[in-house]
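Next up, entry-v9.txt (compact mmCIF, C-alpha atoms):
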# COMPACT_ATOMS: atom_id res chain seq x y z
CA MET A 232 -33.32 8.95 -23.02
CA ALA A 233 -32.49 12.55 -22.19
CA VAL A 234 -29.83 14.27 -24.31
CA THR A 235 -27.19 16.13 -22.33
CA SER A 236 -25.65 19.25 -23.89
CA ASN A 237 -21.90 19.85 -23.69
CA HIS A 238 -22.54 22.77 -21.35
CA GLU A 239 -24.76 20.70 -19.09
CA GLY A 240 -22.23 17.88 -19.09
CA GLN A 241 -19.43 20.27 -18.10
CA THR A 242 -21.57 21.71 -15.30
CA ASP A 243 -22.41 18.21 -14.09
CA ARG A 244 -18.71 17.36 -13.83
CA GLN A 245 -17.87 20.61 -12.04
CA MET A 246 -20.64 20.17 -9.51
CA MET A 247 -19.76 16.52 -8.93
CA GLU A 248 -16.11 17.48 -8.40
CA ARG A 249 -17.31 19.86 -5.70
CA ALA A 250 -19.47 17.12 -4.16
CA LEU A 251 -16.44 14.79 -4.07
CA GLU A 252 -14.38 17.50 -2.36
CA LEU A 253 -17.08 17.78 0.29
CA ALA A 254 -17.29 14.00 0.68
CA ALA A 255 -13.55 13.78 1.35
CA ARG A 256 -13.99 15.96 4.43
CA GLY A 257 -15.45 12.91 6.13
CA GLN A 258 -12.24 10.92 5.66
CA GLY A 259 -11.68 8.70 8.69
CA LYS A 260 -14.87 9.82 10.46
CA THR A 261 -17.87 8.18 8.78
CA SER A 262 -17.08 4.46 9.11
CA PRO A 263 -18.86 2.11 8.88
CA ASN A 264 -20.77 4.44 6.57
CA PRO A 265 -19.37 5.70 3.26
CA MET A 266 -18.12 9.22 2.65
CA VAL A 267 -20.75 11.18 0.73
CA GLY A 268 -20.96 14.77 -0.47
CA ALA A 269 -23.93 16.65 -1.93
CA VAL A 270 -24.48 19.94 -3.78
CA LEU A 271 -27.84 21.56 -4.56
CA VAL A 272 -28.01 23.76 -7.65
CA GLN A 273 -30.74 26.11 -8.83
CA GLY A 274 -30.86 27.13 -12.49
CA THR A 275 -27.72 26.61 -14.55
CA ASN A 276 -24.98 26.67 -11.94
CA GLN A 277 -26.09 28.56 -8.81
CA ILE A 278 -25.12 26.55 -5.74
CA ILE A 279 -27.77 26.99 -3.07
CA GLY A 280 -26.76 24.32 -0.57
CA GLU A 281 -23.91 21.94 0.31
CA GLY A 282 -23.43 19.10 2.74
CA TRP A 283 -21.33 16.05 3.54
CA HIS A 284 -21.83 13.06 5.78
CA GLN A 285 -19.82 13.78 8.91
CA LYS A 286 -20.34 10.78 11.19
CA ALA A 287 -22.26 7.51 11.30
CA GLY A 288 -25.66 8.07 12.86
CA GLU A 289 -25.76 11.73 11.87
CA PRO A 290 -27.70 13.21 8.90
CA HIS A 291 -26.66 12.16 5.41
CA ALA A 292 -25.10 14.57 2.93
CA GLU A 293 -28.34 15.12 0.98
CA ILE A 294 -30.25 16.11 4.11
CA LEU A 295 -27.53 18.53 5.18
CA ALA A 296 -27.40 20.12 1.72
CA MET A 297 -31.18 20.65 1.79
CA LYS A 298 -30.97 22.12 5.29
CA ASP A 299 -28.16 24.42 4.18
CA ALA A 300 -30.23 25.69 1.24
CA ARG A 301 -33.29 26.31 3.39
CA ASN A 302 -31.18 28.12 5.98
CA ARG A 303 -29.99 30.41 3.20
CA GLY A 304 -33.58 31.15 2.29
CA TYR A 305 -33.80 29.17 -0.95
CA SER A 306 -36.69 27.08 -2.21
CA LEU A 307 -35.74 23.56 -3.27
CA GLY A 308 -38.47 23.12 -5.88
CA GLY A 309 -37.06 22.45 -9.35
CA SER A 310 -33.43 22.26 -8.17
CA THR A 311 -30.77 19.71 -9.14
CA LEU A 312 -29.09 17.56 -6.50
CA TYR A 313 -25.55 16.30 -7.12
CA VAL A 314 -24.56 13.48 -4.80
CA THR A 315 -21.54 11.18 -4.85
CA LEU A 316 -23.52 8.05 -3.95
CA GLU A 317 -27.02 6.83 -4.72
CA PRO A 318 -29.45 8.23 -2.11
CA CYS A 319 -30.57 5.68 0.45
CA SER A 320 -34.07 4.24 0.22
CA THR A 321 -34.34 2.41 3.52
CA GLN A 322 -34.74 3.37 7.16
CA GLY A 323 -31.53 3.06 9.14
CA ARG A 324 -30.21 5.19 11.99
CA THR A 325 -31.56 8.07 9.90
CA GLY A 326 -34.57 8.32 7.60
CA PRO A 327 -34.46 7.48 3.88
CA CYS A 328 -33.05 10.31 1.77
CA VAL A 329 -35.21 9.35 -1.24
CA LYS A 330 -38.36 10.31 0.65
CA ALA A 331 -36.89 13.68 1.67
CA ILE A 332 -35.82 14.41 -1.92
CA LEU A 333 -39.29 13.67 -3.29
CA GLU A 334 -40.97 15.76 -0.60
CA ALA A 335 -38.64 18.69 -1.35
CA GLY A 336 -39.68 18.83 -5.00
CA ILE A 337 -36.14 18.39 -6.36
CA ALA A 338 -36.45 17.96 -10.12
CA ARG A 339 -33.18 16.26 -11.03
CA VAL A 340 -30.71 14.01 -9.22
CA VAL A 341 -27.21 13.34 -10.56
CA CYS A 342 -25.18 10.73 -8.71
CA ALA A 343 -21.66 9.44 -9.24
CA THR A 344 -22.30 5.80 -8.47
CA THR A 345 -25.02 3.42 -7.38
CA ASP A 346 -25.13 1.85 -3.92
CA PRO A 347 -22.57 -1.01 -3.83
CA ASN A 348 -24.79 -3.00 -1.46
CA PRO A 349 -26.42 -5.66 -3.69
CA ALA A 350 -29.55 -5.54 -1.52
CA HIS A 351 -30.12 -1.85 -2.29
CA GLN A 352 -28.27 -1.19 -5.55
CA GLY A 353 -30.34 0.92 -7.93
CA ARG A 354 -33.43 0.90 -5.72
CA GLY A 355 -33.13 4.53 -4.64
CA LEU A 356 -32.71 5.77 -8.21
CA GLU A 357 -35.69 3.74 -9.40
CA LEU A 358 -37.91 5.15 -6.64
CA LEU A 359 -36.86 8.65 -7.66
CA ARG A 360 -37.72 7.93 -11.30
CA GLN A 361 -41.11 6.59 -10.24
CA GLY A 362 -41.63 9.82 -8.33
CA GLY A 363 -41.06 11.90 -11.48
CA VAL A 364 -37.46 12.92 -10.80
CA GLU A 365 -35.00 13.03 -13.69
CA VAL A 366 -32.09 10.78 -12.75
CA GLN A 367 -28.57 10.47 -14.14
CA SER A 368 -25.72 8.37 -12.76
CA GLY A 369 -22.10 7.58 -13.62
CA ILE A 370 -20.64 11.11 -13.41
CA LEU A 371 -17.07 10.72 -12.04
CA GLU A 372 -17.96 7.19 -11.00
CA GLU A 373 -14.37 5.93 -10.70
CA ALA A 374 -13.37 8.81 -8.41
CA SER A 375 -16.35 8.10 -6.18
CA ARG A 376 -15.61 4.39 -5.98
CA ASN A 377 -11.94 5.05 -5.16
CA LEU A 378 -12.94 7.39 -2.35
CA ASN A 379 -15.01 4.65 -0.70
CA ARG A 380 -12.85 1.69 -1.67
CA ALA A 381 -12.87 0.24 1.86
CA PHE A 382 -16.61 0.63 2.42
CA ASN A 383 -17.41 -0.81 -1.00
CA TYR A 384 -15.35 -3.91 -0.26
CA TRP A 385 -16.69 -4.42 3.27
CA ILE A 386 -20.38 -3.98 2.42
CA VAL A 387 -20.14 -6.73 -0.21
CA ASN A 388 -17.66 -9.16 1.40
CA LYS A 389 -18.37 -8.54 5.12
CA THR A 390 -14.64 -8.46 5.85
CA PRO A 391 -12.35 -5.40 5.89
CA LEU A 392 -10.23 -4.11 3.06
CA VAL A 393 -6.63 -4.87 4.06
CA THR A 394 -3.76 -2.46 3.40
CA LEU A 395 -0.21 -3.60 4.12
CA LYS A 396 2.12 -0.80 5.22
CA SER A 397 5.88 -1.00 5.53
CA ALA A 398 8.77 1.47 5.75
CA MET A 399 12.03 0.15 4.32
CA SER A 400 15.34 0.88 2.70
CA LEU A 401 15.88 0.65 -1.05
CA ASP A 402 16.92 -2.98 -0.61
CA GLY A 403 13.76 -3.80 1.33
CA LYS A 404 15.17 -3.85 4.87
CA ILE A 405 13.02 -2.70 7.81
CA ALA A 406 15.87 -2.75 10.34
CA THR A 407 19.57 -3.41 10.64
CA ALA A 408 20.96 -6.79 11.63
CA SER A 409 21.25 -5.46 15.21
CA GLY A 410 17.54 -4.58 15.22
CA GLU A 411 17.83 -0.78 14.86
CA SER A 412 14.84 0.57 12.95
CA ARG A 413 14.24 4.14 14.18
CA TRP A 414 14.11 5.82 11.88
CA ILE A 415 14.55 4.44 8.37
CA THR A 416 12.27 7.02 6.76
CA GLY A 417 12.22 10.75 7.41
CA THR A 418 9.76 12.91 9.29
CA GLU A 419 7.58 13.79 6.31
CA ALA A 420 7.06 10.14 5.36
CA ARG A 421 6.29 9.19 8.96
CA ALA A 422 3.81 12.05 9.25
CA HIS A 423 2.10 10.85 6.07
CA ALA A 424 1.88 7.33 7.50
CA MET A 425 0.43 8.74 10.71
CA GLN A 426 -2.21 10.65 8.75
CA PHE A 427 -3.11 7.44 6.95
CA ARG A 428 -3.56 5.71 10.30
CA SER A 429 -6.23 8.27 11.13
CA GLN A 430 -8.23 7.15 8.10
CA VAL A 431 -8.49 3.42 8.90
CA ASP A 432 -10.64 1.61 11.44
CA ALA A 433 -8.03 -0.69 12.94
CA ILE A 434 -4.32 -1.53 12.95
CA ILE A 435 -3.03 -5.06 13.33
CA THR A 436 0.44 -6.18 14.36
CA GLY A 437 2.18 -9.21 15.80
CA VAL A 438 3.32 -9.86 19.35
CA ASN A 439 6.98 -9.90 18.29
CA THR A 440 6.66 -6.29 17.13
CA VAL A 441 5.03 -5.35 20.44
CA ILE A 442 7.85 -7.01 22.41
CA ALA A 443 10.63 -5.55 20.26
CA ASP A 444 9.33 -1.98 19.86
CA ASN A 445 6.77 -1.52 22.66
CA CYS A 446 4.71 0.22 19.98
CA SER A 447 1.62 2.30 20.80
CA LEU A 448 -0.04 2.33 17.35
CA THR A 449 -1.72 5.65 18.10
CA VAL A 450 -2.39 8.76 16.02
CA ARG A 451 -0.10 11.59 17.04
CA SER A 452 1.65 14.69 15.69
CA LEU A 453 5.24 14.52 14.48
CA CYS A 454 7.81 17.30 14.70
CA GLY A 455 5.58 20.15 13.64
CA PHE A 456 3.45 18.13 11.19
CA ASN A 457 -0.15 18.66 12.28
CA ILE A 458 -2.30 15.52 12.31
CA THR A 459 -5.78 16.98 12.32
CA HIS A 460 -8.45 15.69 14.74
CA LYS A 461 -5.94 13.34 16.37
CA ASP A 462 -7.95 12.98 19.60
CA GLU A 463 -11.12 12.15 17.70
CA ASP A 464 -9.25 9.78 15.40
CA GLN A 465 -7.54 7.99 18.28
CA SER A 466 -10.82 7.59 20.15
CA ARG A 467 -12.05 5.22 17.42
CA LEU A 468 -8.83 3.56 16.18
CA ARG A 469 -8.79 -0.09 17.20
CA ARG A 470 -5.51 -1.93 17.82
CA ILE A 471 -5.24 -5.67 17.22
CA VAL A 472 -2.33 -7.83 18.42
CA LEU A 473 -1.90 -11.35 17.06
CA ASP A 474 -0.41 -13.35 19.92
CA THR A 475 -0.86 -17.11 19.63
CA GLU A 476 0.58 -17.94 23.05
CA GLY A 477 -0.52 -14.85 25.01
CA ARG A 478 3.02 -13.44 25.35
CA THR A 479 2.06 -9.74 25.24
CA PRO A 480 3.77 -8.02 28.21
CA LEU A 481 1.21 -6.66 30.65
CA ASN A 482 3.17 -3.41 30.98
CA SER A 483 3.47 -2.80 27.24
CA ASN A 484 1.98 0.44 25.94
CA ILE A 485 -0.66 -1.18 23.80
CA VAL A 486 -2.35 -2.96 26.74
CA SER A 487 -1.76 -0.40 29.49
CA ASP A 488 -2.12 3.11 28.02
CA ALA A 489 -5.13 5.44 27.96
CA TRP A 490 -6.47 3.69 24.85
CA LYS A 491 -6.25 0.12 26.12
CA HIS A 492 -10.05 -0.23 25.81
CA LEU A 493 -9.49 -0.13 22.04
CA THR A 494 -6.96 -2.99 22.09
CA THR A 495 -7.81 -6.59 21.28
CA VAL A 496 -5.26 -9.38 21.78
CA VAL A 497 -5.99 -12.42 19.63
CA VAL A 498 -4.69 -15.67 21.10
CA GLY A 499 -4.77 -19.30 20.00
CA ASN A 500 -7.00 -21.93 21.54
CA ASP A 501 -4.01 -23.39 23.38
CA ALA A 502 -2.81 -20.14 24.94
CA PRO A 503 -2.13 -20.61 28.69
CA ALA A 504 -5.26 -19.82 30.72
CA GLU A 505 -3.37 -17.71 33.28
CA ARG A 506 -1.90 -15.49 30.54
CA VAL A 507 -5.30 -15.05 28.90
CA GLU A 508 -6.91 -14.22 32.24
CA ALA A 509 -4.23 -11.63 33.05
CA LEU A 510 -4.59 -9.95 29.65
CA SER A 511 -8.39 -10.01 29.94
CA ARG A 512 -8.18 -7.80 33.02
CA GLN A 513 -6.69 -5.04 30.87
CA VAL A 514 -7.93 -5.53 27.30
CA GLN A 515 -10.33 -7.51 25.19
CA VAL A 516 -9.08 -11.00 24.31
CA TRP A 517 -10.28 -13.20 21.46
CA ARG A 518 -9.52 -16.89 21.09
CA VAL A 519 -9.09 -18.01 17.49
CA ALA A 520 -8.12 -21.39 16.12
CA SER A 521 -4.47 -21.88 15.18
CA GLU A 522 -3.07 -23.61 12.12
CA GLY A 523 0.34 -24.96 11.18
CA GLN A 524 3.47 -23.65 12.93
CA GLY A 525 1.43 -21.97 15.66
CA ARG A 526 -0.05 -19.34 13.35
CA LEU A 527 -3.53 -17.99 13.90
CA LYS A 528 -6.15 -18.35 11.19
CA LEU A 529 -6.04 -14.85 9.75
CA ALA A 530 -9.23 -15.29 7.73
CA ALA A 531 -11.11 -16.01 10.96
CA VAL A 532 -9.72 -12.81 12.49
CA LEU A 533 -10.82 -10.78 9.46
CA LYS A 534 -14.29 -12.32 9.58
CA LYS A 535 -14.68 -11.33 13.23
CA LEU A 536 -13.43 -7.80 12.54
CA GLY A 537 -15.87 -7.47 9.64
CA GLU A 538 -18.72 -8.51 11.93
CA GLU A 539 -17.71 -5.65 14.23
CA SER A 540 -17.93 -3.12 11.37
CA VAL A 541 -14.20 -2.75 10.73
CA THR A 542 -14.17 -1.70 7.08
CA HIS A 543 -10.45 -0.92 6.65
CA LEU A 544 -7.60 -2.77 8.37
CA LEU A 545 -4.00 -1.58 8.29
CA VAL A 546 -1.26 -4.18 8.72
CA GLU A 547 1.80 -2.68 10.43
CA ALA A 548 4.02 -5.59 11.33
CA GLY A 549 7.31 -7.35 10.80
CA GLY A 550 8.20 -9.40 7.78
CA THR A 551 6.79 -12.68 9.11
CA LEU A 552 3.23 -11.46 9.63
CA SER A 553 3.32 -9.36 6.45
CA GLU A 554 4.32 -12.47 4.50
CA SER A 555 1.52 -14.45 6.14
CA PHE A 556 -1.11 -11.96 4.99
CA LEU A 557 0.31 -11.97 1.47
CA HIS A 558 0.75 -15.74 1.33
CA GLN A 559 -2.87 -16.22 2.34
CA LYS A 560 -3.99 -13.70 -0.31
CA LEU A 561 -5.56 -11.38 2.26
CA VAL A 562 -3.86 -8.10 1.28
CA HIS A 563 -5.69 -5.81 -1.14
CA ARG A 564 -3.43 -2.75 -1.21
CA ILE A 565 0.11 -1.80 -0.23
CA HIS A 566 1.61 1.40 1.18
CA PHE A 567 5.38 0.95 0.95
CA TYR A 568 7.57 3.83 2.08
CA TYR A 569 11.12 3.75 0.68
CA ALA A 570 14.07 5.66 2.10
CA PRO A 571 17.13 6.38 -0.09
CA LYS A 572 19.30 4.07 2.02
CA ILE A 573 20.90 0.69 1.48
CA ILE A 574 21.25 -1.42 4.65
CA GLY A 575 22.25 -4.83 3.35
CA GLY A 576 23.11 -7.88 5.39
CA LYS A 577 21.65 -11.38 5.49
CA GLY A 578 20.67 -10.88 9.11
CA ALA A 579 18.78 -7.63 8.50
CA PRO A 580 15.00 -8.27 8.44
CA SER A 581 13.05 -7.56 5.27
CA GLY A 582 9.63 -5.97 4.85
CA VAL A 583 8.28 -9.30 3.61
CA GLY A 584 9.85 -12.39 5.17
CA GLY A 585 9.25 -16.07 4.66
CA GLU A 586 10.88 -18.32 2.09
CA GLY A 587 9.60 -16.39 -0.91
CA VAL A 588 8.45 -17.80 -4.24
CA LYS A 589 10.51 -20.20 -6.33
CA HIS A 590 9.34 -18.92 -9.71
CA LEU A 591 8.71 -15.40 -10.99
CA ALA A 592 5.29 -16.50 -12.25
CA GLU A 593 4.31 -16.98 -8.60
CA ALA A 594 5.24 -13.42 -7.59
CA VAL A 595 2.57 -11.11 -6.20
CA LYS A 596 2.11 -8.09 -8.45
CA ALA A 597 1.50 -4.43 -7.65
CA VAL A 598 -1.19 -3.10 -9.99
CA GLY A 599 -1.67 0.56 -10.91
CA PRO A 600 1.33 1.77 -8.90
CA GLU A 601 1.37 5.42 -7.87
CA TRP A 602 4.53 7.07 -6.57
CA LYS A 603 4.59 10.08 -4.27
CA ARG A 604 7.65 11.95 -3.06
CA LEU A 605 7.72 12.75 0.67
CA GLY A 606 10.82 14.76 1.49
CA ASP A 607 13.73 12.51 0.55
CA ASP A 608 11.55 9.40 0.67
CA PHE A 609 9.04 7.84 -1.71
CA LEU A 610 5.65 6.21 -1.17
CA LEU A 611 4.39 3.44 -3.43
CA GLU A 612 0.63 2.87 -3.36
CA ALA A 613 -0.84 0.04 -5.41
CA ASP A 614 -3.49 -2.65 -5.56
CA ILE A 615 -2.38 -6.27 -5.20
CA CYS A 616 -2.90 -8.96 -7.80
CA TYR A 617 -2.24 -12.60 -6.92
CA PRO A 618 -1.08 -15.20 -9.44
CA VAL A 619 -3.53 -17.88 -10.52
CA ARG A 620 -2.22 -21.24 -9.32

Target format structure tokens, applied to this file:
Amino acid sequence: MAVTSNHEGQTDRQMMERALELAARGQGKTSPNPMVGAVLVQGTNQIIGEGWHQKAGEPHAEILAMKDARNRGYSLGGSTLYVTLEPCSTQGRTGPCVKAILEAGIARVVCATTDPNPAHQGRGLELLRQGGVEVQSGILEEASRNLNRAFNYWIVNKTPLVTLKSAMSLDGKIATASGESRWITGTEARAHAMQFRSQVDAIITGVNTVIADNCSLTVRSLCGFNITHKDEDQSRLRRIVLDTEGRTPLNSNIVSDAWKHLTTVVVGNDAPAERVEALSRQVQVWRVASEGQGRLKLAAVLKKLGEESVTHLLVEAGGTLSESFLHQKLVHRIHFYYAPKIIGGKGAPSGVGGEGVKHLAEAVKAVGPEWKRLGDDFLLEADICYPVR
């Protein structure tokens, strides 16, 4: 087992931090592939090449870093490659990176984490070792896994990671009793939420929200806040409407705007044929089995989305649908935006509806909460932990 000096260990961390910075540039653009960054170093700490995966089907980060170094006139022999994810060992839409690394004569590979895909995990690193390359893994592993949380979940479970988003008052209200909801949070919080939209694969909402708000669920700029690459982001952002009875108005934004080809309306098996036919002329329609109280089987919807390479699903809906996702234990993370306002009122809808739990031991818990101030508002991000029943 190789002994790593303090100096070498510090350099490894610095170079991996740079590789993670590069990987993050692919946020919202690489799905269904992971975000990956790579740095090539010659000698102690001379960076000779950098790269990051920019889009599915295009060259991987390692290949781009090698190309960058060669374009600068450097030889790759004896260099060290820092990469945020284990290099691939199989032929996909692009060639295997392991083969290119061995052919380049790279002497050492340092990766943050192994491939989360059980079918490939560790295989690339073992092939590199067999080829005489010194290999080290686990440098800033947690940061790398957090960056690709959605991909890591999807590649193992074949269904998307689900994030529940809601904007509410301090007392958990998403609108007044009269239905007024624009705007509870301020511009900075809404711009942040819009930026987050650009990073997911699909947004899901309920038909009642479509009818009440005529929402578009698009990526757009807000009052001077620049949402980068909004056209590119919108061209891939899918919109899903859960509509058991096919009640979505044919003139609503989500089924009639320029992005209607990205909209899917999910109806129940008993939805009226004429409504389904009318919607099908404008958007894609799925039929999914219903369960009690006319609700669609959400797990079946997630399975179908996972099969279509949706790795990250954002739930933006009213309290009823939000509660359904939570009740069925399908939410993995929450993004709750809180405004410093108190609305009150029994008739004012809450961010999470339903009957609620009867005992505190049954409450859903937010794990590892992180708070962020956005103007006068606050964002709570956390993982979700469900009680064992």

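Reported to one decimal place, the separation of atom CA of A:Ala331 from atom CA of A:Leu307 is 11.1 Å.
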
Neighbours of point (-7.0, -4.9, 34.2) within 12 Å, using only C-alpha atoms, written as a list in words: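 Checked against the point, the hits come out as Leu481, Asn482, Val486, Ser487, Asp488, Lys491, His492, Val507, Glu508, Ala509, Leu510, Ser511, Arg512, Gln513, Val514, Gln515 and Val516 of chain A.
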
Would you put the residues from that selection into a file with C-alpha atoms, as a tab-separated table (two decimals), in the coordinates of the input?
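The result, stored in part.tsv:
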chain	number	residue	atom	x	y	z
A	481	LEU	CA	1.21	-6.66	30.65
A	482	ASN	CA	3.17	-3.41	30.98
A	486	VAL	CA	-2.35	-2.96	26.74
A	487	SER	CA	-1.76	-0.40	29.49
A	488	ASP	CA	-2.12	3.11	28.02
A	491	LYS	CA	-6.25	0.12	26.12
A	492	HIS	CA	-10.05	-0.23	25.81
A	507	VAL	CA	-5.30	-15.05	28.90
A	508	GLU	CA	-6.91	-14.22	32.24
A	509	ALA	CA	-4.23	-11.63	33.05
A	510	LEU	CA	-4.59	-9.95	29.65
A	511	SER	CA	-8.39	-10.01	29.94
A	512	ARG	CA	-8.18	-7.80	33.02
A	513	GLN	CA	-6.69	-5.04	30.87
A	514	VAL	CA	-7.93	-5.53	27.30
A	515	GLN	CA	-10.33	-7.51	25.19
A	516	VAL	CA	-9.08	-11.00	24.31

Distance query A:Gln277 at most 12 Å, only C-alpha atoms, self and fewer than 2 positions along chain excluded, as a CSV table (one decimal) with C-alpha atoms, keeping the file's coordinate frame:
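Dumped everything to result.csv:
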chain,number,residue,atom,x,y,z
A,242,THR,CA,-21.6,21.7,-15.3
A,245,GLN,CA,-17.9,20.6,-12.0
A,246,MET,CA,-20.6,20.2,-9.5
A,270,VAL,CA,-24.5,19.9,-3.8
A,271,LEU,CA,-27.8,21.6,-4.6
A,272,VAL,CA,-28.0,23.8,-7.6
A,273,GLN,CA,-30.7,26.1,-8.8
A,274,GLY,CA,-30.9,27.1,-12.5
A,275,THR,CA,-27.7,26.6,-14.6
A,279,ILE,CA,-27.8,27.0,-3.1
A,280,GLY,CA,-26.8,24.3,-0.6
A,281,GLU,CA,-23.9,21.9,0.3
A,300,ALA,CA,-30.2,25.7,1.2
A,305,TYR,CA,-33.8,29.2,-1.0
A,310,SER,CA,-33.4,22.3,-8.2
A,311,THR,CA,-30.8,19.7,-9.1
A,312,LEU,CA,-29.1,17.6,-6.5

Non-local contacts of stretch 543-559 of chain A (8 Å; only C-alpha atoms; under 6 positions in same chain excluded) as a list in words: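 Using only C-alpha atoms, the neighbours found are Ala381, Phe382, Trp385, Pro391, Leu392, Val393, Thr394, Leu395, Lys396, Ser397, Ile405, Arg428, Val431, Asp432, Ala433, Ile434, Ile435, Thr436, Gly437, Asn439, Thr440, Leu529, Pro580, Ser581, Gly582, Val583, Gly584 and Gly585 of chain A.
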
For atom CA of A:Val562 and atom CA of A:Asp614, the interatomic separation in Å (one decimal): 8.8 Å

Spatial neighbours of A:Val619, max dist 12 Å, only C-alpha atoms, sep filter under 5 positions, as a PyMOL selection string: chain A and resi 560+592-596

Selected residue of minimal separation from A:Ala570 among A:Asp501, A:Glu365, A:Glu538, A:Glu419, counting all atoms listed in the file: A:Glu419

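As for atom CA of A:Gly477 and atom CA of A:Leu533, they are spaced 19.1 Å apart.
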
Which of A:Arg360, A:Met399, A:Arg526, A:Glu612 sits closest to A:Trp414 [using all atoms listed in the file]: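 Using all atoms listed in the file, A:Trp414 sits closest to A:Met399.
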